[in-house]
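What follows is the content of run-v2.txt (compact mmCIF, C-alpha atoms).
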# COMPACT_ATOMS: atom_id res chain seq x y z
CA MET L 1 86.27 123.15 98.12
CA SER L 2 88.38 122.22 101.11
CA ASN L 3 86.63 118.84 101.19
CA ALA L 4 87.54 118.18 97.58
CA VAL L 5 91.20 119.02 98.16
CA SER L 6 91.24 116.86 101.26
CA LYS L 7 89.74 113.93 99.37
CA LEU L 8 92.32 114.21 96.61
CA PHE L 9 95.39 114.27 98.81
CA ASN L 10 94.53 112.99 102.29
CA SER L 11 91.65 110.49 102.10
CA ARG L 12 92.14 106.90 103.23
CA PHE L 13 88.66 105.38 102.84
CA GLY L 14 88.03 106.92 99.43
CA VAL L 15 91.22 105.62 97.84
CA ARG L 16 90.53 102.17 99.27
CA LEU L 17 87.38 102.07 97.17
CA ALA L 18 89.04 103.77 94.23
CA LEU L 19 92.01 101.48 93.62
CA PRO L 20 90.43 98.70 91.54
CA ALA L 21 88.34 101.22 89.60
CA VAL L 22 91.39 103.36 88.93
CA VAL L 23 93.34 100.33 87.77
CA THR L 24 90.45 99.39 85.50
CA VAL L 25 89.95 102.79 83.84
CA GLY L 26 93.52 104.06 83.93
CA ALA L 27 95.43 105.22 80.87
CA VAL L 28 95.98 102.65 78.11
CA GLY L 29 99.25 102.62 76.24
CA THR L 30 102.50 100.76 75.85
CA ALA L 31 103.47 98.88 79.01
CA LEU L 32 106.02 100.87 80.98
CA ALA L 33 108.93 99.05 82.60
CA TYR L 34 109.91 100.48 85.97
CA PRO L 35 113.59 101.41 85.29
CA GLN L 36 112.48 103.70 82.46
CA VAL L 37 111.40 106.49 84.82
CA VAL L 38 114.18 106.67 87.40
CA SER L 39 117.66 108.12 87.27
CA ALA L 40 120.50 105.84 86.20
CA SER L 41 122.50 106.83 89.29
CA SER L 42 121.69 105.62 92.79
CA PRO L 43 121.74 107.74 95.97
CA THR L 44 123.46 106.58 99.14
CA LEU L 45 120.87 106.23 101.91
CA ALA L 46 120.84 104.82 105.42
CA GLY L 47 119.32 101.35 105.65
CA LYS L 48 115.62 101.04 106.49
CA THR L 49 113.39 98.04 107.02
CA PRO L 50 110.24 97.39 104.97
CA ALA L 51 108.14 98.11 108.07
CA GLN L 52 109.79 101.52 108.50
CA LEU L 53 109.17 102.44 104.85
CA ILE L 54 105.53 101.36 104.99
CA GLU L 55 105.07 103.51 108.09
CA SER L 56 106.68 106.47 106.29
CA ALA L 57 104.52 105.98 103.21
CA LEU L 58 101.30 105.89 105.23
CA ARG L 59 102.28 108.85 107.44
CA PRO L 60 104.65 111.17 105.53
CA SER L 61 106.34 113.96 107.49
CA GLY L 62 106.04 116.55 104.70
CA ARG L 63 103.57 117.63 102.03
CA ILE L 64 103.85 117.92 98.27
CA TYR L 65 102.35 121.26 97.22
CA SER L 66 102.82 121.06 93.48
CA GLY L 67 104.25 118.83 90.81
CA THR L 68 103.68 116.80 87.69
CA ILE L 69 101.96 113.43 87.84
CA VAL L 70 102.39 110.94 85.00
CA GLU L 71 99.92 108.08 84.61
CA THR L 72 100.44 105.31 82.06
CA SER L 73 99.50 101.69 81.58
CA GLY L 74 98.97 98.69 79.37
CA LEU L 75 95.85 97.23 80.94
CA GLY L 76 94.70 95.08 78.07
CA LEU L 77 91.23 96.61 77.82
CA PRO L 78 88.99 95.03 75.17
CA THR L 79 90.14 96.04 71.69
CA SER L 80 86.62 97.03 70.64
CA PHE L 81 86.43 99.44 73.56
CA VAL L 82 89.79 101.07 72.81
CA ASN L 83 88.91 101.38 69.11
CA GLN L 84 85.58 103.01 69.93
CA LEU L 85 87.21 105.64 72.14
CA SER L 86 90.10 106.25 69.74
CA GLY L 87 87.97 106.60 66.61
CA GLY L 88 86.50 109.82 65.28
CA SER L 89 87.13 113.30 66.63
CA ALA L 90 88.31 113.46 70.22
CA PRO L 91 85.84 115.05 72.65
CA SER L 92 86.97 118.08 74.60
CA GLY L 93 86.86 119.04 78.27
CA LEU L 94 86.46 116.47 81.03
CA SER L 95 85.14 113.86 78.61
CA GLY L 96 88.20 114.32 76.44
CA LEU L 97 90.47 114.01 79.46
CA LEU L 98 88.88 110.72 80.50
CA THR L 99 89.14 109.42 76.93
CA GLN L 100 92.80 110.40 76.83
CA ALA L 101 93.39 108.57 80.10
CA LEU L 102 91.82 105.43 78.69
CA THR L 103 93.48 105.39 75.28
CA SER L 104 96.97 106.83 75.73
CA GLY L 105 97.98 108.30 79.08
CA VAL L 106 97.76 111.44 81.18
CA THR L 107 100.34 113.93 82.37
CA ALA L 108 98.91 116.50 84.78
CA ASN L 109 100.41 119.49 86.58
CA PHE L 110 98.84 120.43 89.90
CA TRP L 111 99.07 123.03 92.64
CA THR L 112 97.39 122.95 96.07
CA ASN L 113 97.63 124.78 99.39
CA HIS L 114 96.11 121.76 101.21
CA ALA L 115 93.35 124.01 102.56
CA SER L 116 90.89 125.56 100.12
CA SER L 117 92.63 125.84 96.77
CA LEU L 118 93.49 123.43 93.99
CA ARG L 119 94.50 123.80 90.37
CA ILE L 120 94.95 120.99 87.85
CA GLN L 121 96.37 121.51 84.36
CA VAL L 122 96.43 118.83 81.66
CA PRO L 123 98.42 119.99 78.61
CA SER L 124 97.84 118.51 75.16
CA THR L 125 99.09 119.02 71.62
CA SER L 126 96.11 121.29 70.90
CA GLY L 127 96.09 123.34 74.10
CA GLU L 128 95.30 122.62 77.74
CA PHE L 129 92.49 121.70 80.10
CA ASP L 130 92.47 123.39 83.52
CA LEU L 131 90.39 123.10 86.67
CA TYR L 132 90.55 125.93 89.22
CA ALA L 133 89.00 125.50 92.67
CA SER L 134 89.44 128.23 95.26
CA ALA L 135 87.32 130.11 97.81
CA GLY L 136 84.03 128.55 96.71
CA SER L 137 84.75 129.16 93.01
CA VAL L 138 85.19 126.24 90.61
CA TRP L 139 86.05 126.77 86.95
CA GLU L 140 86.95 124.50 84.05
CA TRP L 141 88.97 126.03 81.23
CA ASP L 142 89.39 124.31 77.85
CA SER L 143 91.75 126.28 75.63
CA THR L 144 91.11 123.94 72.68
CA THR L 145 87.49 125.10 72.44
CA ASN L 146 88.14 128.49 74.11
CA THR L 147 85.43 127.65 76.67
CA ALA L 148 85.21 128.46 80.39
CA THR L 149 82.65 126.54 82.48
CA ASP L 150 81.42 127.98 85.78
CA LEU L 151 80.81 125.16 88.29
CA ARG L 152 79.68 127.31 91.21
CA LEU L 153 76.52 125.46 92.16
CA PRO L 154 73.93 126.01 94.92
CA SER L 155 74.84 124.70 98.36
CA GLY L 156 72.73 121.56 97.90
CA ALA L 157 74.85 120.59 94.90
CA LYS L 158 78.30 121.06 96.39
CA ALA L 159 78.98 117.35 96.17
CA VAL L 160 78.69 117.56 92.39
CA SER L 161 81.48 120.14 92.21
CA HIS L 162 83.60 118.04 94.56
CA ALA L 163 83.04 114.91 92.51
CA ARG L 164 83.88 116.69 89.27
CA ALA L 165 87.08 118.10 90.75
CA THR L 166 88.09 114.65 91.99
CA ALA L 167 87.39 113.07 88.61
CA SER L 168 89.55 115.63 86.80
CA THR L 169 92.94 114.47 88.07
CA PRO L 170 94.95 111.27 87.82
CA PRO L 171 95.21 109.41 91.14
CA SER L 172 98.22 110.47 93.19
CA PRO L 173 100.96 107.91 93.91
CA SER L 174 100.19 108.18 97.63
CA ALA L 175 96.51 107.36 97.04
CA ILE L 176 97.39 104.21 95.09
CA ALA L 177 100.03 103.18 97.64
CA ASP L 178 97.58 103.67 100.54
CA ALA L 179 95.06 101.39 98.86
CA LEU L 180 97.65 98.73 98.06
CA LEU L 181 99.25 98.73 101.50
CA SER L 182 95.88 98.61 103.24
CA HIS L 183 95.06 95.44 101.26
CA LEU L 184 98.50 93.80 101.57
CA PRO L 185 97.84 90.03 101.76
CA ALA L 186 99.03 87.95 104.68
CA GLY L 187 102.20 86.15 103.65
CA ALA L 188 103.21 88.75 101.06
CA ALA L 189 106.96 89.15 100.57
CA VAL L 190 108.07 92.73 101.18
CA THR L 191 111.67 93.71 100.45
CA VAL L 192 113.71 96.90 100.01
CA ASN L 193 115.41 97.33 96.63
CA SER L 194 118.36 99.58 95.82
CA PRO L 195 117.50 103.29 96.23
CA GLU L 196 116.81 105.44 93.17
CA TYR L 197 116.25 109.07 92.21
CA VAL L 198 112.60 109.70 91.33
CA ALA L 199 111.51 113.22 90.29
CA GLY L 200 115.01 114.29 91.28
CA GLN L 201 114.50 113.10 94.87
CA PRO L 202 116.49 110.32 96.61
CA ALA L 203 114.00 107.53 97.21
CA TYR L 204 113.78 104.14 98.84
CA VAL L 205 112.10 101.42 96.77
CA LEU L 206 109.70 98.92 98.32
CA ASN L 207 109.06 95.73 96.38
CA LEU L 208 105.85 93.80 97.14
CA ALA L 209 105.27 90.23 96.00
CA PRO L 210 101.63 89.55 97.03
CA ASN L 211 101.79 85.73 96.55
CA ASP L 212 98.00 85.77 96.28
CA PRO L 213 96.88 83.10 93.76
CA SER L 214 93.39 84.63 93.54
CA SER L 215 94.71 88.05 92.45
CA LEU L 216 95.80 89.35 89.04
CA ILE L 217 98.54 91.46 90.67
CA GLY L 218 101.95 89.80 90.58
CA GLY L 219 104.17 92.56 91.95
CA VAL L 220 104.26 96.20 93.09
CA ARG L 221 107.09 98.71 93.38
CA ILE L 222 106.65 101.79 95.56
CA ALA L 223 109.18 104.67 95.60
CA VAL L 224 109.27 106.51 98.95
CA ASP L 225 110.94 109.93 99.28
CA ALA L 226 113.88 109.60 101.65
CA SER L 227 113.35 112.99 103.33
CA THR L 228 109.58 113.30 103.72
CA GLY L 229 108.19 109.78 103.32
CA ASN L 230 105.94 110.85 100.45
CA VAL L 231 105.22 108.19 97.85
CA LEU L 232 106.80 109.35 94.58
CA GLY L 233 105.75 106.48 92.35
CA VAL L 234 103.84 103.19 92.13
CA TRP L 235 104.27 100.51 89.46
CA ILE L 236 101.88 97.53 89.32
CA THR L 237 102.84 94.37 87.42
CA PRO L 238 100.35 91.66 86.44
CA ARG L 239 100.96 88.08 87.50
CA GLY L 240 103.28 86.39 85.00
CA SER L 241 104.57 89.64 83.47
CA SER L 242 107.79 91.64 83.86
CA SER L 243 106.34 94.98 82.67
CA ALA L 244 104.14 97.36 84.65
CA ALA L 245 100.50 97.35 83.56
CA PHE L 246 99.75 100.52 85.50
CA SER L 247 101.98 103.23 86.90
CA VAL L 248 101.54 106.61 88.55
CA TYR L 249 104.61 108.64 89.40
CA TYR L 250 105.90 112.17 89.84
CA SER L 251 108.26 113.57 87.24
CA ALA L 252 108.59 116.77 89.32
CA VAL L 253 107.64 117.77 92.88
CA SER L 254 107.80 120.84 95.13
CA PHE L 255 107.47 120.93 98.91
CA LYS L 256 106.83 124.70 99.00
CA ALA L 257 103.36 126.30 99.06
CA PRO L 258 102.59 128.00 95.73
CA SER L 259 101.62 131.65 95.34
CA SER L 260 97.89 132.41 95.69
CA SER L 261 97.95 133.87 92.17
CA VAL L 262 98.34 130.34 90.78
CA PHE L 263 94.74 129.56 91.82
CA SER L 264 93.18 132.71 90.36
CA PHE L 265 91.20 132.38 87.12
CA SER L 266 89.89 135.15 84.88
CA VAL L 267 87.87 134.37 81.77
CA PRO L 268 89.99 135.27 78.74
CA SER L 269 88.64 137.89 76.37
CA GLY L 270 86.51 136.36 73.64
CA ALA L 271 86.01 133.05 75.42
CA THR L 272 82.66 131.28 75.55
CA VAL L 273 81.28 131.08 79.10
CA LYS L 274 79.00 128.26 80.24
CA THR L 275 77.33 127.55 83.57
CA LEU L 276 76.85 123.96 84.64
CA ARG L 277 73.35 123.56 86.09
CA PRO L 278 72.73 121.05 88.91
CA GLY L 279 70.14 119.17 86.88
CA ALA L 280 72.68 118.42 84.18
CA VAL L 281 74.92 116.36 86.43
CA MET L 282 72.89 115.23 89.44
CA ALA L 283 71.32 111.78 89.46
CA PRO L 284 67.51 111.81 89.16
CA VAL L 285 65.44 111.27 92.32
CA ARG L 286 62.64 108.72 92.24
CA ARG L 287 59.16 110.19 91.95
CA GLY L 288 57.51 110.64 95.34
CA THR L 289 60.80 110.86 97.27
CA THR L 290 62.89 113.75 98.51
CA THR L 291 66.29 112.04 98.60
CA ALA L 292 68.25 109.81 96.24
CA PRO L 293 68.63 106.08 97.08
CA ALA L 294 71.35 105.37 99.63
CA VAL L 295 74.64 104.10 98.23
CA THR L 296 75.99 101.12 100.20
CA HIS L 297 79.30 99.30 100.10
CA LYS L 298 80.68 95.96 101.24
CA SER L 299 83.90 94.00 100.77
CA ILE L 300 84.24 90.32 99.88
CA GLY L 301 87.52 88.51 100.51
CA THR L 302 90.84 89.80 101.78
CA GLY L 303 94.17 91.06 100.53
CA PHE L 304 94.71 91.79 96.84
CA SER L 305 91.82 89.45 95.96
CA THR L 306 89.28 91.67 97.73
CA VAL L 307 86.14 92.43 95.70
CA GLU L 308 84.30 95.66 96.45
CA VAL L 309 80.54 95.81 95.84
CA VAL L 310 78.71 99.15 95.65
CA THR L 311 74.91 99.30 95.37
CA GLY L 312 72.41 102.13 94.94
CA LEU L 313 74.22 103.88 92.07
CA PRO L 314 72.26 105.75 89.36
CA ARG L 315 70.72 103.43 86.78
CA ARG L 316 71.60 105.43 83.66
CA PRO L 317 75.27 104.52 83.08
CA ALA L 318 74.91 104.06 79.32
CA SER L 319 74.33 107.81 78.85
CA SER L 320 78.11 108.18 79.07
CA SER L 321 80.08 107.35 75.93
CA LEU L 322 82.80 105.85 78.11
CA MET L 323 80.35 103.66 80.00
CA SER L 324 78.50 102.64 76.86
CA GLY L 325 81.85 101.60 75.40
CA LEU L 326 82.57 99.42 78.41
CA LEU L 327 79.11 97.87 78.28
CA GLY L 328 79.47 97.16 74.57
CA SER L 329 82.87 95.49 74.93
CA GLY L 330 82.04 93.32 77.94
CA THR L 331 80.15 90.06 78.42
CA LYS L 332 76.57 89.82 79.66
CA VAL L 333 76.20 87.69 82.81
CA THR L 334 73.63 86.83 85.46
CA THR L 335 74.64 86.77 89.14
CA ALA L 336 72.94 86.52 92.50
CA ILE L 337 72.97 90.33 92.72
CA GLY L 338 71.40 90.81 89.31
CA GLN L 339 72.20 90.92 85.61
CA GLY L 340 75.00 93.01 84.18
CA THR L 341 78.19 93.20 82.14
CA VAL L 342 81.70 91.97 83.03
CA VAL L 343 84.84 93.65 81.70
CA THR L 344 88.30 92.20 82.43
CA THR L 345 91.74 93.87 82.14
CA SER L 346 95.22 92.55 82.92
CA VAL L 347 94.97 93.57 86.59
CA ALA L 348 91.26 93.97 87.39
CA THR L 349 87.72 92.79 86.62
CA VAL L 350 84.57 94.93 86.85
CA PHE L 351 80.89 93.96 87.00
CA ILE L 352 78.48 96.74 85.92
CA GLY L 353 74.98 95.80 87.05
CA ASN L 354 71.78 96.81 85.29
CA ASN L 355 70.25 97.66 88.68
CA GLY L 356 72.79 100.24 89.86
CA THR L 357 75.31 97.78 91.31
CA LEU L 358 79.06 97.94 90.67
CA ALA L 359 81.57 95.27 91.73
CA PHE L 360 85.30 95.36 91.09
CA GLY L 361 88.55 93.79 92.21
CA ALA L 362 92.09 92.91 91.14
CA VAL L 363 90.90 89.37 90.45
CA PRO L 364 90.17 87.16 87.42
CA ARG L 365 86.66 87.02 86.03
CA SER L 366 86.05 83.58 87.58
CA VAL L 367 86.87 84.81 91.09
CA LEU L 368 84.69 87.91 90.83
CA LEU L 369 81.71 85.97 89.48
CA ALA L 370 82.11 83.29 92.17
CA ASP L 371 82.08 86.03 94.81
CA LEU L 372 78.90 87.47 93.28
CA GLY L 373 77.22 84.06 93.15
CA GLN L 374 76.84 83.65 89.40
CA GLY L 375 73.54 82.00 88.53

Before we go any further, please render this structure as structure tokens.
Amino acid sequence: MSNAVSKLFNSRFGVRLALPAVVTVGAVGTALAYPQVVSASSPTLAGKTPAQLIESALRPSGRIYSGTIVETSGLGLPTSFVNQLSGGSAPSGLSGLLTQALTSGVTANFWTNHASSLRIQVPSTSGEFDLYASAGSVWEWDSTTNTATDLRLPSGAKAVSHARATASTPPSPSAIADALLSHLPAGAAVTVNSPEYVAGQPAYVLNLAPNDPSSLIGGVRIAVDASTGNVLGVWITPRGSSSAAFSVYYSAVSFKAPSSSVFSFSVPSGATVKTLRPGAVMAPVRRGTTTAPAVTHKSIGTGFSTVEVVTGLPRRPASSSLMSGLLGSGTKVTTAIGQGTVVTTSVATVFIGNNGTLAFGAVPRSVLLADLGQG
């Protein structure tokens, strides 16, 4: 599990791919204005340049070992999609967590030792969903259904456990900031706003004005911890709006390693125990082959108008209720890379191909389709 923990908190390449997708499938709720989540008072801090704060954000001097991450947004997903996910009885477990992220918002507590252990807890009005990963053991616990799921899979299926662990947590503020700063357009205006308290910590505030006419992103605020350089919050505003369409921030943080007991899980008495089999989550392999098709990636464009194209993905996306909802609410199109469905939000557009291709970017529909060579 050390790879999974590393991917969640330290990866650069992975979050670069993840940003537009995260923006597209983030929590949906009332748009959150930035001042709503910081303290009314302002700390007194020594002056720093934008370049110094960007350097601190990309290479923090300390680590966050535990805390509470809040994710919220008003992405403007298609109404039919939101209604489909919100209607009926809410699913439980990981599916329920993803639905919650799409239709309302997610608040998650986490603990990590940045080595081999991770715990994520998502409380709800009916109970809590937990993921424990430590010393080769991976468990999901859903108190609402009183069900524990054992995810300890054979060595050949380790990637499935890693992927499931990664999918079970909101993106960290540092992951979003890394992706944004790595795509910062040439000519973007970067300024330092008045410092604020975020999660009780004195923080500098970077303000980014991309000035990219081909991007849906109009502005970004990044709160940087004054002591460690950790990113404590990110707020993304669509072009032409004054309210954040997507935000991820800490409401609490700790820079001390948690006790090992935090990562220990014992199945409660009377709980239902399930074991997740590799065949239930692994993509099918074509008949006559021994390995799955290679997944490839390329980037089109630069800055905040970059479009990422991923090919070789499994061709059964509609088996997921979330994916089927997206497909049903989008528009069918034909491009040079194949037929598929386009879904647009206030800060991103996604193309879901019928042939296992996915393209996404913080761009309008017209820009994405032009990049894909619409036929």

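A straight line drawn from CA of Gly233 in chain L to CA of Ala46 in chain L is 20.0 Å long.
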
Could you tell me how far CA of Phe351 in chain L sits from CA of Ser299 in chain L, in Å to one decimal place?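 Those two atoms sit 14.1 Å apart.
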
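Atom pair CA of His297 in chain L / CA of Val363 in chain L: separated by 18.1 Å.
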
Compile the contact shell of Leu58 in chain L as a PyMOL selection string: residues with an atom at most 12 Å away, counting all atoms listed in the file, same-chain residues fewer than 4 positions apart removed. chain L and resi 10-12+51-54+62+173-182+222+224+228-231

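Of the listed residues L:Ala362, L:Ala108, L:Ala223, L:Ile337, the one whose atoms come nearest to Asp130 in chain L is L:Ala108, with distances taken using all atoms listed in the file.
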
So which residues touch Val347 in chain L within 6 Å, counting only C-alpha atoms, skipping near sequence neighbours fewer than 6 positions away, as a VMD selection string? chain L and resid 216 to 217 238 362

For a cutoff of 7 Å around the file-coordinate point (90.9, 131.9, 97.4), which residues qualify once you count only C-alpha atoms? I'd like the result as a compact mmCIF listing (two decimals) with C-alpha atoms, keeping the file's coordinate frame.
# COMPACT_ATOMS: atom_id res chain seq x y z
CA SER L 116 90.89 125.56 100.12
CA SER L 117 92.63 125.84 96.77
CA SER L 134 89.44 128.23 95.26
CA ALA L 135 87.32 130.11 97.81

Which polymer residues have any atom within 9 Å of an atom of Gly127 in chain L, counting only C-alpha atoms, with same-chain residues fewer than 3 positions away left out, as a PDB file with C-alpha atoms, keeping the file's coordinate frame?
ATOM      1  CA  VAL L 122      96.430 118.830  81.660  1.00  0.00           C
ATOM      2  CA  PRO L 123      98.420 119.990  78.610  1.00  0.00           C
ATOM      3  CA  SER L 124      97.840 118.510  75.160  1.00  0.00           C
ATOM      4  CA  ASP L 142      89.390 124.310  77.850  1.00  0.00           C
ATOM      5  CA  SER L 143      91.750 126.280  75.630  1.00  0.00           C
ATOM      6  CA  THR L 144      91.110 123.940  72.680  1.00  0.00           C
ATOM      7  CA  THR L 145      87.490 125.100  72.440  1.00  0.00           C
TER       8      THR L 145
END

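Nearest to Arg365 in chain L of all the residues L:Asn207, L:Thr237, L:Thr302, L:Ser214 is L:Ser214, counting only C-alpha atoms.
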
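Closest approach to His114 in chain L among L:Ser261, L:Ser66, L:Ser137, L:Ser56: L:Ser66, based on all atoms listed in the file.
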
List the neighbours of range 195-202 of chain L out to 7 Å using all atoms listed in the file; skip same-chain residues closer than 5 positions along the sequence, and give me the result as a list in words. Val38, Ser39, Ser42, Pro43, Asp225, Ala226, Leu232, Tyr250, Ser251, Ala252 and Val253 of chain L

Serialized selection, C-alpha atoms, as a PDB file, keeping the file's coordinate frame:
ATOM      1  CA  VAL L  38     114.180 106.670  87.400  1.00  0.00           C
ATOM      2  CA  SER L  39     117.660 108.120  87.270  1.00  0.00           C
ATOM      3  CA  SER L  42     121.690 105.620  92.790  1.00  0.00           C
ATOM      4  CA  PRO L  43     121.740 107.740  95.970  1.00  0.00           C
ATOM      5  CA  ASP L 225     110.940 109.930  99.280  1.00  0.00           C
ATOM      6  CA  ALA L 226     113.880 109.600 101.650  1.00  0.00           C
ATOM      7  CA  LEU L 232     106.800 109.350  94.580  1.00  0.00           C
ATOM      8  CA  TYR L 250     105.900 112.170  89.840  1.00  0.00           C
ATOM      9  CA  SER L 251     108.260 113.570  87.240  1.00  0.00           C
ATOM     10  CA  ALA L 252     108.590 116.770  89.320  1.00  0.00           C
ATOM     11  CA  VAL L 253     107.640 117.770  92.880  1.00  0.00           C
TER      12      VAL L 253
END

Axis-aligned box for all listed atoms of range 133-146 of chain L, 4 Å per side, centre and edges in Å to one decimal, as AutoDock Vina command-line options:
--center_x 87.9 --center_y 127.0 --center_z 85.1 --size_x 15.7 --size_y 14.2 --size_z 33.4

Can you work out which one of L:Asn355, L:Thr49, L:Thr191, L:Ser269 has the shortest atom-to-atom distance to Pro314 in chain L, counting all atoms listed in the file? L:Asn355

For a quick check of understanding, using only C-alpha atoms, which of L:Ser194, L:Ser260, L:Ser254, L:Thr272 has the smallest distance to Asn146 in chain L?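 The answer is L:Thr272, which sits nearest to Asn146 in chain L.
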
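Nearest-residue note for Arg119 in chain L: choosing from L:Ser73, L:Ser264, L:Ser243, L:Ser227, the minimum distance belongs to L:Ser264, counting only C-alpha atoms.
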
Can you pull out the residues contacting Asp150 in chain L? Cut-off 9 Å, using all atoms listed in the file, and skip same-chain residues under 2 positions away; I want them as number ranges by chain. L: 137-140, 148, 152-153, 273-276
